[in-house]
Every structure is written in C-alpha cells, then in structure tokens.
Amino acid sequence: ASSSVQTIIKDNIEVDDDARPSEIIMCKAGLSITDNKILDDRVNIEGVIKASVIYKTFGENSSIKAAEQEIPFSSTIEIAGSKPDMQCM
C-alpha cells in the first residue's frame with residue numbers, strides 16, 4: 001500500500017531581542033523521521049524539522065542575522081490496506 005499527504009506545520013523561531021527581523025532573506029528546512037507506527041489503514045509518523053532562516057534586522061544599524069530551530073511534529077497518514085505487520089520505508 002502507498003499514499004501521500006501534505007501537512008502544514010507551524011511554529012515560531014526565536015531570535016535575539018535586539019535582532020528583530022524586518023525582512024526574511026532566505027529560509028530552508030530539513031526533515032528527519034524519528035518514529036513510525038503502522039496501524040490498520042493508517043500510519044502514525046513522528047519527526048523533527050530543522051528550520052534555518054536568514055533575515056535582515058530593523059533600525060539604523062540593521063544587519064544580516066541567522067536563526068535555526070528544531071520543530072517536532074507528528075502526523076497520521078490514512079493508507080487503506082496498511083496492517084501492523086507491514087514495514088514502513
């Protein structure tokens with residue numbers, strides 16, 4: 001059995017108080033699956049997104065800064081026909 005799903009994951013990335021962003025220059029994210037559990041007709045997945053952002057700060061002395069944060073997530077994917085004895089890849 002196979003399936004695909006899209007999930008929106010939202011979180012705030014913390015930055016230094018004196019480095020408030022005025023403009024996002026670039027952002028990227030990497031995904032790591034840390035656990036999965038196959039159940040009847042669905043798969044539960046847990047993982048971590050490593051988000052990186054480069055931004056410009058406010059003010060006369062504006063500068064370019066970077067921030068990174070790991071964001072944990074979990075999601076359930078409905079997959080008709082999946083069974084607990086199957087392998088998830």
# chains A, B, ... in the order shown; residues from 1 in each chain; ligands from 1
$ residues_around --residues "Glu46 in chain A" --least-positions-apart "5" --cutoff "9 Å" --atoms "only C-alpha atoms" --output "list in words"
Ser32, Ile33, Thr34, Asp35, Asn36, Lys37, Pro72, Phe73, Ser74, Ser75 and Thr76 of chain A
$ write_last_selection --atoms "all heavy atoms" --output "short mmCIF file (atom, residue, chain, number, x, y, z; two decimals), in the first residue's frame"
data_model
loop_
_atom_site.label_atom_id
_atom_site.label_comp_id
_atom_site.auth_asym_id
_atom_site.auth_seq_id
_atom_site.Cartn_x
_atom_site.Cartn_y
_atom_site.Cartn_z
N SER A 32 13.54 15.04 9.37
CA SER A 32 14.02 13.75 9.86
C SER A 32 12.85 13.01 10.49
O SER A 32 12.18 13.55 11.38
CB SER A 32 15.10 13.92 10.93
OG SER A 32 16.25 14.50 10.39
N ILE A 33 12.60 11.79 10.04
CA ILE A 33 11.57 10.95 10.64
C ILE A 33 12.22 10.22 11.81
O ILE A 33 13.24 9.55 11.64
CB ILE A 33 11.00 9.93 9.62
CG1 ILE A 33 10.43 10.64 8.39
CG2 ILE A 33 9.97 9.03 10.28
CD1 ILE A 33 9.24 11.52 8.65
N THR A 34 11.64 10.34 13.01
CA THR A 34 12.22 9.71 14.19
C THR A 34 11.48 8.44 14.60
O THR A 34 12.05 7.60 15.28
CB THR A 34 12.24 10.69 15.38
OG1 THR A 34 10.89 11.14 15.63
CG2 THR A 34 13.13 11.89 15.08
N ASP A 35 10.21 8.31 14.21
CA ASP A 35 9.45 7.12 14.58
C ASP A 35 8.25 6.98 13.66
O ASP A 35 7.73 7.96 13.13
CB ASP A 35 8.97 7.24 16.04
CG ASP A 35 8.44 5.93 16.59
OD1 ASP A 35 8.84 4.85 16.10
OD2 ASP A 35 7.62 5.99 17.53
N ASN A 36 7.84 5.74 13.45
CA ASN A 36 6.59 5.48 12.72
C ASN A 36 5.94 4.25 13.31
O ASN A 36 6.61 3.38 13.85
CB ASN A 36 6.84 5.33 11.21
CG ASN A 36 7.72 4.14 10.90
OD1 ASN A 36 7.33 3.00 11.11
ND2 ASN A 36 8.91 4.41 10.38
N LYS A 37 4.63 4.23 13.24
CA LYS A 37 3.87 3.09 13.75
C LYS A 37 2.76 2.80 12.75
O LYS A 37 1.95 3.66 12.43
CB LYS A 37 3.28 3.41 15.12
CG LYS A 37 2.56 2.22 15.74
CD LYS A 37 2.17 2.50 17.17
CE LYS A 37 1.55 1.24 17.76
NZ LYS A 37 1.19 1.44 19.16
N PRO A 72 9.52 19.77 16.44
CA PRO A 72 8.99 18.41 16.42
C PRO A 72 7.59 18.39 15.81
O PRO A 72 6.86 19.39 15.88
CB PRO A 72 8.95 18.01 17.89
CG PRO A 72 8.94 19.29 18.65
CD PRO A 72 9.59 20.32 17.78
N PHE A 73 7.22 17.26 15.19
CA PHE A 73 5.89 17.14 14.61
C PHE A 73 5.43 15.69 14.68
O PHE A 73 6.22 14.77 14.87
CB PHE A 73 5.87 17.62 13.16
CG PHE A 73 6.56 16.69 12.21
CD1 PHE A 73 5.86 15.69 11.56
CD2 PHE A 73 7.92 16.79 11.98
CE1 PHE A 73 6.51 14.81 10.70
CE2 PHE A 73 8.58 15.93 11.12
CZ PHE A 73 7.87 14.93 10.48
N SER A 74 4.14 15.51 14.52
CA SER A 74 3.56 14.17 14.36
C SER A 74 2.40 14.30 13.38
O SER A 74 1.75 15.35 13.29
CB SER A 74 3.10 13.59 15.69
OG SER A 74 2.08 14.37 16.24
N SER A 75 2.16 13.24 12.63
CA SER A 75 1.11 13.25 11.63
C SER A 75 0.60 11.84 11.42
O SER A 75 1.34 10.87 11.60
CB SER A 75 1.65 13.82 10.31
OG SER A 75 0.62 13.92 9.35
N THR A 76 -0.64 11.72 11.05
CA THR A 76 -1.23 10.43 10.71
C THR A 76 -1.61 10.45 9.25
O THR A 76 -2.24 11.38 8.76
CB THR A 76 -2.49 10.16 11.57
OG1 THR A 76 -2.09 10.14 12.94
CG2 THR A 76 -3.12 8.84 11.20
#
$ closest_residue --among "A:Met89, A:Ile77, A:Pro84, A:Tyr55" --to "Val5 in chain A" --atoms "only C-alpha atoms"
A:Ile77
$ residues_around --residues "Ile64 in chain A" --least-positions-apart "4" --cutoff "10 Å" --atoms "only C-alpha atoms" --output "CSV table (one decimal) with all heavy atoms, in the first residue's frame"
chain,number,residue,atom,x,y,z
A,19,ALA,N,17.6,41.7,17.8
A,19,ALA,CA,17.8,41.4,16.4
A,19,ALA,C,16.4,41.1,15.7
A,19,ALA,O,16.3,40.1,15.0
A,19,ALA,CB,18.7,40.2,16.2
A,21,PRO,N,13.5,40.8,13.3
A,21,PRO,CA,13.6,40.7,11.8
A,21,PRO,C,12.7,41.8,11.1
A,21,PRO,O,11.6,42.1,11.6
A,21,PRO,CB,13.0,39.3,11.4
A,21,PRO,CG,13.0,38.5,12.7
A,21,PRO,CD,13.0,39.5,13.8
A,23,GLU,N,13.0,41.8,7.5
A,23,GLU,CA,12.8,41.1,6.2
A,23,GLU,C,13.4,39.7,6.3
A,23,GLU,O,14.5,39.5,6.7
A,23,GLU,CB,13.5,42.0,5.2
A,23,GLU,CG,13.5,41.4,3.8
A,23,GLU,CD,14.3,42.3,2.8
A,23,GLU,OE1,14.7,43.4,3.2
A,23,GLU,OE2,14.5,41.8,1.7
A,24,ILE,N,12.7,38.8,5.7
A,24,ILE,CA,13.2,37.4,5.6
A,24,ILE,C,13.9,37.3,4.3
A,24,ILE,O,13.4,37.7,3.2
A,24,ILE,CB,12.1,36.3,5.6
A,24,ILE,CG1,11.3,36.4,6.9
A,24,ILE,CG2,12.7,34.9,5.4
A,24,ILE,CD1,12.1,36.1,8.2
A,25,ILE,N,15.2,37.0,4.3
A,25,ILE,CA,16.0,36.9,3.1
A,25,ILE,C,15.9,35.4,2.5
A,25,ILE,O,15.8,35.3,1.3
A,25,ILE,CB,17.5,37.3,3.3
A,25,ILE,CG1,17.5,38.7,3.8
A,25,ILE,CG2,18.3,37.0,2.1
A,25,ILE,CD1,18.8,39.2,4.3
A,54,ILE,N,17.6,33.2,7.4
A,54,ILE,CA,18.5,34.3,7.3
A,54,ILE,C,17.6,35.6,7.1
A,54,ILE,O,16.7,35.6,6.3
A,54,ILE,CB,19.5,34.2,6.1
A,54,ILE,CG1,20.3,32.9,6.3
A,54,ILE,CG2,20.3,35.4,5.9
A,54,ILE,CD1,21.3,32.6,5.1
A,55,TYR,N,17.8,36.6,7.9
A,55,TYR,CA,17.0,37.7,7.9
A,55,TYR,C,17.8,39.0,8.1
A,55,TYR,O,18.9,39.0,8.6
A,55,TYR,CB,15.9,37.6,9.0
A,55,TYR,CG,16.4,37.5,10.4
A,55,TYR,CD1,16.5,38.6,11.2
A,55,TYR,CD2,16.8,36.3,10.9
A,55,TYR,CE1,16.9,38.5,12.5
A,55,TYR,CE2,17.2,36.2,12.2
A,55,TYR,CZ,17.3,37.3,13.0
A,55,TYR,OH,17.8,37.2,14.3
A,56,LYS,N,17.1,40.1,7.8
A,56,LYS,CA,17.7,41.5,8.0
A,56,LYS,C,17.0,42.1,9.2
A,56,LYS,O,15.8,41.9,9.4
A,56,LYS,CB,17.4,42.3,6.8
A,56,LYS,CG,18.0,43.7,6.8
A,56,LYS,CD,17.8,44.5,5.5
A,56,LYS,CE,18.3,45.9,5.6
A,56,LYS,NZ,18.0,46.6,4.4
A,57,THR,N,17.7,42.8,10.0
A,57,THR,CA,17.1,43.4,11.3
A,57,THR,C,16.7,44.8,11.0
A,57,THR,O,17.1,45.5,10.1
A,57,THR,CB,18.1,43.4,12.4
A,57,THR,OG1,19.3,44.2,12.1
A,57,THR,CG2,18.6,41.9,12.7
A,58,PHE,N,15.8,45.3,11.9
A,58,PHE,CA,15.3,46.7,11.9
A,58,PHE,C,16.4,47.7,12.3
A,58,PHE,O,17.4,47.3,13.0
A,58,PHE,CB,14.1,46.8,12.9
A,58,PHE,CG,12.8,46.5,12.3
A,58,PHE,CD1,12.2,45.3,12.7
A,58,PHE,CD2,12.2,47.3,11.4
A,58,PHE,CE1,11.0,44.9,12.2
A,58,PHE,CE2,10.9,46.9,10.9
A,58,PHE,CZ,10.3,45.8,11.3
$ closest_residue --among "A:Ile71, A:Ala66, A:Val43, A:Ile38" --to "Ile9 in chain A" --atoms "only C-alpha atoms"
A:Ile71
